[in-house]
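Coordinates as given in final.txt (compact mmCIF, C-alpha atoms and all ligand atoms):
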```txt
# COMPACT_ATOMS: atom_id res chain seq x y z
CA MET A 1 110.84 124.92 -7.20
CA ALA A 2 113.02 126.88 -9.68
CA SER A 3 116.70 125.93 -9.60
CA ALA A 4 119.31 128.46 -8.41
CA PRO A 5 120.50 130.79 -11.16
CA ASP A 6 123.86 130.12 -12.82
CA TYR A 7 125.24 133.53 -11.80
CA ASP A 8 124.44 136.35 -9.41
CA VAL A 9 124.91 138.92 -12.17
CA ILE A 10 125.31 138.84 -15.94
CA ILE A 11 126.87 141.94 -17.52
CA VAL A 12 126.32 142.60 -21.23
CA GLY A 13 129.15 144.70 -22.70
CA GLY A 14 132.88 144.68 -21.99
CA GLY A 15 133.58 148.36 -22.61
CA PRO A 16 135.25 150.40 -19.86
CA VAL A 17 132.11 150.55 -17.70
CA GLY A 18 131.19 146.84 -17.94
CA LEU A 19 134.77 145.81 -17.18
CA LEU A 20 134.95 148.06 -14.12
CA LEU A 21 131.60 146.74 -12.89
CA GLY A 22 132.79 143.14 -13.39
CA ASN A 23 135.91 143.87 -11.35
CA MET A 24 133.92 145.44 -8.54
CA LEU A 25 131.32 142.65 -8.39
CA GLY A 26 134.03 139.98 -8.38
CA ARG A 27 135.84 141.71 -5.55
CA LYS A 28 132.59 141.82 -3.57
CA GLY A 29 132.23 138.06 -3.96
CA LEU A 30 129.44 137.95 -6.58
CA ARG A 31 129.49 135.23 -9.24
CA THR A 32 129.49 137.21 -12.46
CA LEU A 33 129.41 136.47 -16.19
CA LEU A 34 130.47 139.25 -18.57
CA ILE A 35 129.63 138.79 -22.25
CA GLU A 36 131.18 140.97 -24.95
CA LYS A 37 130.33 140.62 -28.62
CA THR A 38 133.73 141.57 -30.06
CA ALA A 39 136.71 139.20 -30.20
CA THR A 40 139.31 141.76 -29.17
CA PRO A 41 139.25 145.17 -27.49
CA PRO A 42 138.90 148.14 -29.88
CA GLU A 43 142.13 149.77 -31.01
CA GLU A 44 140.80 153.26 -31.56
CA SER A 45 141.04 155.68 -28.66
CA MET A 46 137.83 157.56 -27.88
CA ALA A 47 137.83 158.71 -24.26
CA ILE A 48 141.20 159.93 -23.05
CA GLY A 49 140.47 161.97 -19.91
CA ILE A 50 140.20 160.21 -16.53
CA THR A 51 139.27 162.51 -13.67
CA PRO A 52 140.30 162.28 -9.98
CA PRO A 53 137.00 160.71 -8.73
CA SER A 54 137.53 157.82 -11.18
CA LEU A 55 141.13 157.37 -10.01
CA GLU A 56 139.80 157.17 -6.46
CA ILE A 57 137.47 154.37 -7.60
CA PHE A 58 140.41 152.58 -9.28
CA GLN A 59 142.35 152.93 -6.04
CA THR A 60 139.78 150.69 -4.30
CA LEU A 61 140.82 147.96 -6.75
CA GLY A 62 144.52 148.73 -6.39
CA LEU A 63 144.63 149.90 -10.01
CA ASP A 64 145.32 153.62 -9.60
CA GLU A 65 149.13 153.37 -9.80
CA ASN A 66 148.98 151.19 -12.89
CA PHE A 67 146.72 153.74 -14.61
CA VAL A 68 148.89 156.69 -13.60
CA LYS A 69 152.02 154.87 -14.80
CA GLN A 70 150.52 154.30 -18.24
CA GLY A 71 148.99 157.74 -18.76
CA VAL A 72 150.10 161.37 -18.89
CA ARG A 73 149.41 163.59 -15.88
CA VAL A 74 147.86 166.77 -17.29
CA GLU A 75 148.45 169.37 -14.59
CA LEU A 76 148.01 172.49 -16.69
CA ALA A 77 145.49 173.58 -19.34
CA LYS A 78 146.05 176.76 -21.36
CA VAL A 79 143.20 178.63 -22.98
CA HIS A 80 143.79 180.69 -26.13
CA GLU A 81 141.44 182.96 -28.02
CA GLY A 82 142.45 183.89 -31.57
CA ARG A 83 146.08 182.89 -30.80
CA LYS A 84 146.25 185.12 -27.69
CA LEU A 85 146.64 183.42 -24.32
CA ALA A 86 143.47 184.16 -22.32
CA GLY A 87 144.61 182.33 -19.20
CA GLU A 88 145.52 179.00 -17.70
CA LEU A 89 144.11 176.45 -15.31
CA SER A 90 146.34 174.49 -12.97
CA PHE A 91 145.12 171.30 -11.31
CA CYS A 92 148.18 171.10 -9.02
CA SER A 93 146.43 172.59 -6.02
CA LEU A 94 143.38 170.30 -6.13
CA ASP A 95 142.51 168.95 -2.70
CA ASN A 96 142.73 165.35 -3.90
CA PRO A 97 145.35 162.57 -4.01
CA TYR A 98 145.29 162.89 -7.81
CA PRO A 99 145.81 166.60 -8.61
CA PHE A 100 145.65 166.19 -12.40
CA ILE A 101 143.53 164.81 -15.24
CA LEU A 102 145.00 161.57 -16.51
CA ALA A 103 145.27 161.34 -20.30
CA ILE A 104 145.17 157.70 -21.38
CA PRO A 105 143.59 156.14 -24.49
CA GLN A 106 140.32 154.27 -23.93
CA ALA A 107 141.94 151.16 -25.47
CA THR A 108 144.58 151.16 -22.69
CA THR A 109 141.88 151.70 -20.05
CA ILE A 110 140.06 148.64 -21.38
CA GLU A 111 143.29 146.61 -21.41
CA VAL A 112 144.13 147.45 -17.78
CA LEU A 113 140.59 146.65 -16.58
CA GLU A 114 140.42 143.43 -18.61
CA ASP A 115 143.80 142.19 -17.29
CA ARG A 116 142.60 142.81 -13.73
CA LEU A 117 139.25 141.09 -14.43
CA ARG A 118 140.97 137.92 -15.60
CA GLN A 119 142.46 137.58 -12.10
CA GLU A 120 138.99 137.47 -10.50
CA ASP A 121 138.10 133.81 -9.82
CA LEU A 122 134.38 134.56 -9.54
CA VAL A 123 134.11 136.40 -12.86
CA ALA A 124 133.96 134.75 -16.29
CA LEU A 125 134.60 136.91 -19.35
CA CYS A 126 133.24 135.56 -22.64
CA ARG A 127 134.25 137.48 -25.73
CA GLU A 128 132.57 136.87 -29.11
CA THR A 129 129.32 136.30 -27.27
CA SER A 130 126.21 138.30 -28.11
CA LEU A 131 122.96 138.86 -26.34
CA LEU A 132 119.84 137.73 -28.22
CA LYS A 133 116.94 137.65 -25.78
CA ILE A 134 116.00 138.50 -22.18
CA GLU A 135 113.20 136.97 -20.08
CA GLN A 136 112.46 138.01 -16.52
CA THR A 137 110.66 135.33 -14.54
CA GLY A 138 110.14 135.34 -10.77
CA GLN A 139 113.48 135.61 -9.02
CA GLN A 140 115.69 135.42 -12.07
CA VAL A 141 116.58 136.63 -15.53
CA THR A 142 117.10 134.18 -18.38
CA VAL A 143 119.37 135.38 -21.13
CA THR A 144 119.73 133.80 -24.55
CA VAL A 145 123.21 134.26 -26.01
CA ARG A 146 125.16 133.08 -29.02
CA ARG A 147 128.87 132.31 -28.74
CA GLY A 148 131.05 133.01 -31.78
CA ASP A 149 129.50 131.52 -34.91
CA ALA A 150 127.89 128.60 -33.05
CA ALA A 151 124.77 127.39 -34.82
CA GLU A 152 122.83 126.99 -31.56
CA SER A 153 122.10 129.68 -29.05
CA GLU A 154 122.20 128.89 -25.33
CA GLN A 155 120.46 130.07 -22.19
CA VAL A 156 122.12 131.34 -19.03
CA THR A 157 120.38 132.52 -15.86
CA ALA A 158 121.24 135.09 -13.21
CA SER A 159 119.58 137.00 -10.40
CA PHE A 160 120.33 140.29 -12.18
CA LEU A 161 121.31 141.46 -15.64
CA VAL A 162 123.19 144.72 -16.23
CA GLY A 163 123.32 146.36 -19.65
CA CYS A 164 126.71 148.07 -20.12
CA ASP A 165 126.33 147.73 -23.88
CA GLY A 166 126.81 151.33 -24.89
CA HIS A 167 124.65 154.01 -26.47
CA ARG A 168 122.91 151.62 -28.89
CA SER A 169 122.10 149.24 -26.00
CA SER A 170 120.22 146.08 -27.01
CA VAL A 171 119.43 145.46 -23.34
CA ARG A 172 117.61 148.81 -23.18
CA GLU A 173 115.72 147.97 -26.35
CA LEU A 174 114.83 144.39 -25.33
CA ILE A 175 113.31 145.49 -22.03
CA GLY A 176 111.52 148.42 -23.64
CA ILE A 177 113.05 151.38 -21.81
CA GLU A 178 112.56 154.58 -23.79
CA LEU A 179 114.93 157.52 -24.03
CA CYS A 180 113.95 160.93 -22.77
CA GLU A 181 115.50 164.39 -23.01
CA GLU A 182 116.96 163.38 -26.37
CA LYS A 183 118.80 166.22 -28.10
CA THR A 184 121.16 166.63 -31.02
CA TYR A 185 123.41 169.67 -31.41
CA PRO A 186 124.66 171.44 -34.52
CA ALA A 187 128.23 170.63 -33.43
CA HIS A 188 130.53 168.37 -35.42
CA PHE A 189 134.17 167.47 -34.92
CA LEU A 190 137.11 165.91 -36.72
CA MET A 191 139.58 164.21 -34.44
CA ALA A 192 143.03 162.66 -34.98
CA ASP A 193 145.96 161.40 -32.91
CA PHE A 194 149.41 162.39 -34.23
CA ALA A 195 153.01 161.94 -33.13
CA ASP A 196 153.62 165.00 -30.97
CA ASP A 197 156.23 167.08 -32.77
CA THR A 198 155.12 170.27 -31.01
CA ASP A 199 156.58 172.05 -28.00
CA LEU A 200 153.32 171.66 -26.01
CA GLY A 201 154.68 168.92 -23.73
CA GLU A 202 152.23 167.57 -21.14
CA GLU A 203 149.89 170.56 -21.28
CA ALA A 204 146.33 170.59 -22.61
CA HIS A 205 145.61 173.53 -24.94
CA LEU A 206 142.20 174.89 -25.92
CA PHE A 207 142.30 177.18 -28.93
CA PHE A 208 139.10 179.16 -29.44
CA SER A 209 138.67 181.62 -32.29
CA CYS A 210 136.18 183.27 -34.60
CA HIS A 211 136.62 180.21 -36.91
CA GLY A 212 135.66 177.65 -34.25
CA SER A 213 137.43 175.56 -31.63
CA VAL A 214 140.45 173.27 -31.50
CA GLU A 215 141.28 171.13 -28.48
CA SER A 216 144.67 169.51 -28.06
CA PHE A 217 145.69 166.96 -25.43
CA PRO A 218 148.89 165.04 -24.75
CA LEU A 219 148.81 161.24 -24.94
CA PRO A 220 151.28 158.58 -23.80
CA GLN A 221 153.98 157.31 -26.20
CA GLY A 222 154.76 160.78 -27.53
CA ARG A 223 151.37 161.29 -29.16
CA ARG A 224 148.90 164.17 -29.14
CA ARG A 225 145.19 164.36 -29.89
CA TRP A 226 143.70 167.20 -31.93
CA ILE A 227 139.94 167.86 -32.13
CA LEU A 228 138.72 170.40 -34.69
CA GLN A 229 135.20 171.85 -34.84
CA THR A 230 133.79 171.52 -38.37
CA ASP A 231 130.72 172.93 -40.17
CA ARG A 232 129.23 169.49 -40.76
CA LEU A 233 130.08 165.85 -40.18
CA ILE A 234 132.95 165.27 -42.63
CA SER A 235 133.02 161.52 -43.21
CA PRO A 236 135.44 160.07 -44.20
CA PRO A 237 137.73 162.43 -42.24
CA ASP A 238 139.40 165.10 -44.41
CA ILE A 239 142.97 165.19 -43.10
CA ASP A 240 144.08 168.02 -45.43
CA LEU A 241 141.32 170.20 -44.02
CA LEU A 242 142.35 169.24 -40.49
CA ILE A 243 146.00 170.12 -41.05
CA LYS A 244 145.21 173.43 -42.80
CA SER A 245 142.69 174.45 -40.13
CA LEU A 246 145.07 173.57 -37.30
CA LEU A 247 147.78 175.70 -38.86
CA ARG A 248 145.39 178.63 -39.28
CA GLN A 249 143.78 178.37 -35.82
CA THR A 250 146.73 177.30 -33.67
CA GLY A 251 149.91 178.03 -35.63
CA TYR A 252 151.00 174.37 -35.39
CA ASN A 253 151.87 172.64 -38.63
CA LEU A 254 151.23 168.88 -38.51
CA GLU A 255 152.17 168.28 -42.14
CA GLY A 256 154.56 165.32 -42.10
CA SER A 257 153.76 164.24 -38.51
CA ILE A 258 152.90 160.55 -38.19
CA ARG A 259 149.14 160.05 -37.83
CA TYR A 260 147.86 157.10 -35.79
CA SER A 261 144.09 157.42 -36.01
CA GLU A 262 141.33 159.69 -37.20
CA SER A 263 137.57 159.86 -36.76
CA VAL A 264 134.61 162.22 -36.85
CA PHE A 265 131.73 162.67 -34.46
CA SER A 266 128.57 164.66 -33.90
CA VAL A 267 127.10 165.36 -30.51
CA ARG A 268 123.93 164.29 -28.78
CA ARG A 269 122.51 163.95 -25.32
CA PHE A 270 119.96 161.54 -23.86
CA VAL A 271 119.06 159.77 -20.68
CA CYS A 272 116.79 156.73 -20.36
CA GLN A 273 113.38 157.10 -18.74
CA ARG A 274 114.32 154.67 -16.01
CA TYR A 275 117.62 153.05 -15.09
CA TYR A 276 116.13 149.61 -14.37
CA ARG A 277 113.13 147.40 -14.90
CA ASN A 278 112.64 144.75 -12.23
CA ARG A 279 115.97 142.82 -12.26
CA VAL A 280 117.51 144.36 -15.39
CA VAL A 281 119.62 147.51 -14.91
CA LEU A 282 121.33 149.96 -17.29
CA CYS A 283 124.76 151.46 -16.62
CA GLY A 284 127.15 153.84 -18.46
CA ASP A 285 126.34 154.91 -22.03
CA ALA A 286 123.47 152.39 -22.15
CA ALA A 287 121.71 154.66 -19.64
CA HIS A 288 122.90 158.08 -20.78
CA VAL A 289 124.99 159.97 -23.30
CA MET A 290 126.38 163.49 -23.11
CA SER A 291 128.65 165.64 -25.25
CA PRO A 292 132.19 164.19 -25.32
CA ILE A 293 133.49 167.77 -25.19
CA GLY A 294 134.48 168.11 -21.56
CA GLY A 295 135.41 164.43 -21.19
CA GLN A 296 132.86 163.26 -18.64
CA GLY A 297 130.83 160.41 -20.24
CA MET A 298 133.03 157.47 -19.30
CA ASN A 299 133.84 158.97 -15.90
CA THR A 300 130.11 159.24 -15.19
CA GLY A 301 129.74 155.58 -16.20
CA PHE A 302 132.52 154.57 -13.80
CA ALA A 303 130.67 156.21 -10.92
CA ASP A 304 127.45 154.41 -12.02
CA ALA A 305 129.34 151.10 -11.86
CA GLU A 306 130.73 151.85 -8.40
CA PHE A 307 127.26 152.71 -7.03
CA LEU A 308 125.58 149.71 -8.66
CA ALA A 309 128.21 147.20 -7.48
CA ASP A 310 127.69 148.41 -3.92
CA ALA A 311 123.87 148.24 -4.22
CA LEU A 312 123.92 144.68 -5.59
CA ALA A 313 126.42 143.54 -2.95
CA ARG A 314 124.18 144.99 -0.20
CA HIS A 315 121.26 143.03 -1.58
CA PHE A 316 123.17 139.74 -1.63
CA SER A 317 124.99 140.15 1.68
CA ASN A 318 122.36 141.90 3.85
CA GLY A 319 119.17 140.90 2.04
CA GLU A 320 118.27 144.58 1.44
CA ASP A 321 115.30 145.11 -0.87
CA PHE A 322 116.71 145.36 -4.38
CA GLN A 323 113.88 147.52 -5.71
CA ALA A 324 114.68 150.18 -3.09
CA LEU A 325 118.41 149.93 -3.81
CA LEU A 326 117.85 150.28 -7.56
CA ALA A 327 115.52 153.22 -7.02
CA GLU A 328 118.36 154.92 -5.12
CA TYR A 329 120.73 154.06 -7.95
CA ASP A 330 118.35 155.67 -10.43
CA TYR A 331 117.93 158.79 -8.27
CA PHE A 332 121.59 159.49 -7.43
CA ARG A 333 123.13 158.57 -10.74
CA ARG A 334 120.50 160.44 -12.78
CA ALA A 335 121.17 163.58 -10.73
CA ALA A 336 124.93 163.27 -11.27
CA PHE A 337 124.43 162.70 -15.02
CA ASP A 338 122.16 165.72 -15.30
CA VAL A 339 124.74 168.10 -13.81
CA ALA A 340 127.64 166.65 -15.84
CA ALA A 341 125.67 166.70 -19.11
CA THR A 342 124.49 170.27 -18.57
CA ARG A 343 128.05 171.41 -17.85
CA ALA A 344 129.28 169.62 -20.99
CA GLU A 345 126.52 171.29 -23.02
CA ARG A 346 127.29 174.79 -21.69
CA GLY A 347 131.03 174.40 -22.14
CA MET A 348 130.54 173.20 -25.71
CA TRP A 349 128.12 176.06 -26.47
CA LEU A 350 130.59 178.66 -25.24
CA GLY A 351 133.57 177.15 -27.06
CA THR A 352 131.86 176.66 -30.43
CA ARG A 353 130.38 180.18 -30.96
CA ARG A 354 131.93 181.61 -34.11
CA GLY A 355 132.45 185.14 -35.45
CA TRP A 356 134.43 188.17 -34.32
CA LEU A 357 131.98 189.38 -31.70
CA ALA A 358 131.69 185.98 -30.02
CA SER A 359 135.48 185.66 -30.05
CA ALA A 360 136.02 189.10 -28.47
CA LEU A 361 133.39 188.50 -25.76
CA ARG A 362 134.75 185.03 -25.00
CA PHE A 363 138.27 186.43 -24.65
CA LEU A 364 137.05 188.92 -22.04
CA LEU A 365 135.07 186.25 -20.24
CA PHE A 366 137.99 183.77 -20.08
CA LYS A 367 140.41 186.51 -19.09
CA SER A 368 138.31 187.41 -16.07
CA LEU A 369 137.29 183.81 -15.20
CA LEU A 370 140.85 182.52 -15.35
CA SER A 371 142.42 185.34 -13.41
CA ALA A 372 142.92 184.76 -9.68
CA PRO A 373 140.96 184.64 -7.42
CA CYS A 374 138.13 183.58 -9.78
CA ASN A 375 140.04 180.62 -11.03
CA LYS A 376 140.37 179.01 -7.57
CA SER A 377 137.17 176.99 -7.94
CA LEU A 378 137.53 176.20 -11.66
CA PRO A 379 140.06 173.32 -11.45
CA ALA A 380 137.75 171.33 -9.12
CA TYR A 381 134.84 172.06 -11.49
CA PHE A 382 136.71 170.70 -14.54
CA ALA A 383 138.09 167.75 -12.56
CA MET A 384 134.49 166.65 -11.78
CA LEU A 385 135.11 167.19 -8.07
CA THR A 386 132.00 169.35 -7.77
CA ILE A 387 129.57 166.91 -9.43
CA PRO A 388 126.91 165.98 -6.85
CA TYR A 389 126.95 162.33 -5.74
CA ARG A 390 130.12 161.86 -7.80
CA SER A 391 131.22 158.78 -5.85
CA LEU A 392 130.16 156.61 -2.92
CA LYS A 393 132.88 158.27 -0.86
CA ALA A 394 131.36 161.69 -1.57
CA ILE A 395 127.84 160.46 -0.78
CA ASN A 396 128.86 158.67 2.42
CA SER A 397 130.88 161.61 3.70
CA GLY A 398 128.12 164.08 2.84
CA GLN A 399 130.40 166.04 0.42
CA HIS A 400 127.68 166.98 -2.03
C1 LIG A 501 135.31 161.18 -29.48
C2 LIG A 501 134.94 160.82 -28.09
C3 LIG A 501 135.75 161.24 -27.04
C4 LIG A 501 135.40 160.94 -25.72
N1 LIG A 501 136.20 161.37 -24.70
C5 LIG A 501 135.85 161.11 -23.42
C6 LIG A 501 136.71 161.48 -22.34
O1 LIG A 501 137.80 162.02 -22.54
N2 LIG A 501 136.31 161.19 -21.07
C7 LIG A 501 135.13 160.55 -20.82
O2 LIG A 501 134.79 160.35 -19.64
N3 LIG A 501 134.31 160.14 -21.83
C8 LIG A 501 134.65 160.41 -23.11
N4 LIG A 501 133.87 159.94 -24.14
C9 LIG A 501 132.69 159.10 -23.85
C10 LIG A 501 133.12 157.64 -23.66
O3 LIG A 501 133.81 157.17 -24.79
C11 LIG A 501 131.89 156.77 -23.38
O4 LIG A 501 131.15 157.38 -22.36
C12 LIG A 501 132.32 155.35 -22.97
O5 LIG A 501 132.86 154.63 -24.06
C13 LIG A 501 131.11 154.57 -22.42
O6 LIG A 501 131.56 153.32 -21.99
P1 LIG A 501 130.55 152.08 -21.89
O7 LIG A 501 131.36 150.94 -21.38
O8 LIG A 501 129.32 152.51 -21.18
O9 LIG A 501 130.08 151.81 -23.39
P2 LIG A 501 130.95 151.39 -24.67
O10 LIG A 501 132.34 151.93 -24.58
O11 LIG A 501 130.13 151.76 -25.86
O12 LIG A 501 131.06 149.81 -24.57
C14 LIG A 501 129.94 148.97 -24.83
C15 LIG A 501 130.43 147.56 -25.09
O13 LIG A 501 129.29 146.69 -25.23
C16 LIG A 501 129.52 145.79 -26.30
N5 LIG A 501 128.19 145.35 -26.79
C17 LIG A 501 127.25 146.10 -27.40
N6 LIG A 501 126.15 145.36 -27.67
C18 LIG A 501 126.42 144.10 -27.22
C19 LIG A 501 125.68 142.88 -27.23
N7 LIG A 501 124.44 142.81 -27.75
N8 LIG A 501 126.25 141.76 -26.70
C20 LIG A 501 127.51 141.81 -26.16
N9 LIG A 501 128.26 142.96 -26.15
C21 LIG A 501 127.73 144.09 -26.66
C22 LIG A 501 130.31 146.63 -27.32
O14 LIG A 501 131.04 145.82 -28.23
C23 LIG A 501 131.24 147.44 -26.39
O15 LIG A 501 132.46 146.77 -26.12
C24 LIG A 501 134.21 160.22 -25.47
C25 LIG A 501 133.39 159.79 -26.52
C26 LIG A 501 133.76 160.08 -27.82
C27 LIG A 501 132.88 159.62 -28.96
```

The structure given in the file should be rewritten as structure tokens.
Amino acid sequence: MASAPDYDVIIVGGGPVGLLLGNMLGRKGLRTLLIEKTATPPEESMAIGITPPSLEIFQTLGLDENFVKQGVRVELAKVHEGRKLAGELSFCSLDNPYPFILAIPQATTIEVLEDRLRQEDLVALCRETSLLKIEQTGQQVTVTVRRGDAAESEQVTASFLVGCDGHRSSVRELIGIELCEEKTYPAHFLMADFADDTDLGEEAHLFFSCHGSVESFPLPQGRRRWILQTDRLISPPDIDLLIKSLLRQTGYNLEGSIRYSESVFSVRRFVCQRYYRNRVVLCGDAAHVMSPIGGQGMNTGFADAEFLADALARHFSNGEDFQALLAEYDYFRRAAFDVAATRAERGMWLGTRRGWLASALRFLLFKSLLSAPCNKSLPAYFAMLTIPYRSLKAINSGQH
């Protein structure tokens, strides 16, 4: 008879999604090992927008207040076209305990989740540990890993393995799950976080124009993020171009402001053909990627983690058939991804059209969309409160 596995679940990847999943599994009483290949959390801040459904998930772990304390509550977004104000969007009247989008660097999100994870007795976090091989046999998964620069690899077993190892997922590759609906877009961006010497306060500002788009978001510690649309991927980032373009397109001069980070990115979309194979499951960016414009990728991953933690706990505590539970996970979370990714794609398309005609038409469109009463439903749309199956609470209460 095969011996009992070492763990109930092994998670590969300690990004935001893997860390949330680890927290949720530990709280549900599952023995979990989380392996992460890097020694320390990344310093650069990628995702900054956390939406109300994610804060509701954090609330179940008692983490919502800590997040809110460390972030900036963005209650108002202003939309400009060619330096004219086209309208504004207020989140204050959202029917939700968190009537705002929380701006917080991804590095801080990781730190908060990792600190909480270290308090879970049933969860072991091993940094500097990489996945090498996966074998699924009978009732368990055997994983070969290498810790630090150890000469020898070692084997660990679990009932389930979850790949939260990001868009280049080795788990996905090792179990042979293909991507489908793969798309790239002719959209490129230059992004940098500066000390905020502007008068924009805690507001988000979207500046559209015939030259392209600029997005600007407040960050904690008196910082502000700027994202400029560029003609091509400009790597390494050209900061002179960024500063000149921001001055031309927004009127704000960042010359002399302290700069904390800069990066460039292009945009793509994909989803994997299936979210699991037998006892190995994909979650977060390992399963799907969408345009970062619109700030939904990590939030979608958080809702994946919440659903999956519940499914695995139901299997262990009630003996429910895991194949049926994972098929539900695939169905619900794929549907939620599809809506979020399509919204991100449409929003990006609209915001990145260039030229005078596009700018004039967009101004008229925003003016009418953002004027009351049209704009009543828009805050919930941008806060991800109208994504189908956005959380277990929404599914269980039939709000979809
Ligand atoms: C510029 C930009 C801005 C964004 N803004 C937003 C936003 O505002 N809101 C939002 O919701 N989303 C946003 N996103 C998307 C968001 O960053 C991703 O969706 C999110 O990082 C996905 O989290 P994850 O944990 O699934 O994967 P990742 O963050 O990629 O983490 C994967 C982890 O797995 C580890 N790993 C990989 N391979 C192995 C291995 N073999 N063994 C062990 N460990 C491994 C990696 O080191 C990493 O720590 C943005 C993305 C970009 C690029």

What residues of the protein or nucleic acid chains come within 8 Å of ligand LIG 501 (chain A) when you use all atoms listed in the file? Reply as a PyMOL selection string. chain A and resi 12-19+35-38+41-42+45-51+103+106+128-132+164-171+191+263-265+283-286+289-301

Mind pulling up the distance from atom CA of A:Cys126 to atom CA of A:Ala39?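 Answer for the atom CA of A:Ala39 to atom CA of A:Cys126 separation: 9.1 Å.
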
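Proximity to A:Gly71 was assessed for A:His188, A:His205, A:Arg223, A:Arg268 counting all atoms listed in the file; the smallest distance is recorded for A:Arg223.
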
Could you tell me which of A:Phe307, A:Leu350, A:Lys84, A:Asp199 comes closest to A:Asn396 if we count all atoms listed in the file?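 Of the candidates, the smallest distance to A:Asn396 is held by A:Phe307.
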
Compare A:Asn66, A:Ser209, A:Thr342, A:Ser235 by their minimum atom-to-atom distance to A:Leu357, counting all atoms listed in the file, and give me the closest one. A:Ser209

Could you please determine the separation between atom CA of A:Ser3 and atom CA of A:Glu173 in Å, to one decimal place?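 So the answer is 27.7 Å.
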
Considering only C-alpha atoms, return as an MDAnalysis selection string whatever protein or nucleic-acid residues lie within 8 Å of stretch 377-381 of chain A, sequence-local ones (same chain, fewer than 6 positions apart) excluded. chainID A and resid 89:91 94 387

Skipping near chain neighbours, those fewer than 4 positions away, what residues fall within 10 Å of A:Ser317 using all atoms listed in the file, listed as a ChimeraX atom specification? /A:28-30,312-313

Restricting it to C-alpha atoms, dump the selection as a compact mmCIF listing (two decimals), in the coordinates of the input.
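This is the output file result-v4.txt:
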```txt
# COMPACT_ATOMS: atom_id res chain seq x y z
CA LYS A 28 132.59 141.82 -3.57
CA GLY A 29 132.23 138.06 -3.96
CA LEU A 30 129.44 137.95 -6.58
CA LEU A 312 123.92 144.68 -5.59
CA ALA A 313 126.42 143.54 -2.95
```

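Closest approach to A:Glu306 from the set A:His211, A:Arg277, A:Lys393, A:Lys69 is made by A:Lys393, with distances taken over only C-alpha atoms.
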
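The two atoms in question, atom CA of A:Ser213 and atom CA of A:Phe382, are spaced 17.8 Å apart.
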
Select, counting all atoms listed in the file, all protein, DNA and RNA residues no farther than 8 Å from (130.7, 145.0, -11.7) in file coordinates, and express the selection as a PyMOL selection string. chain A and resi 11+18-26+32+305-306+308-309
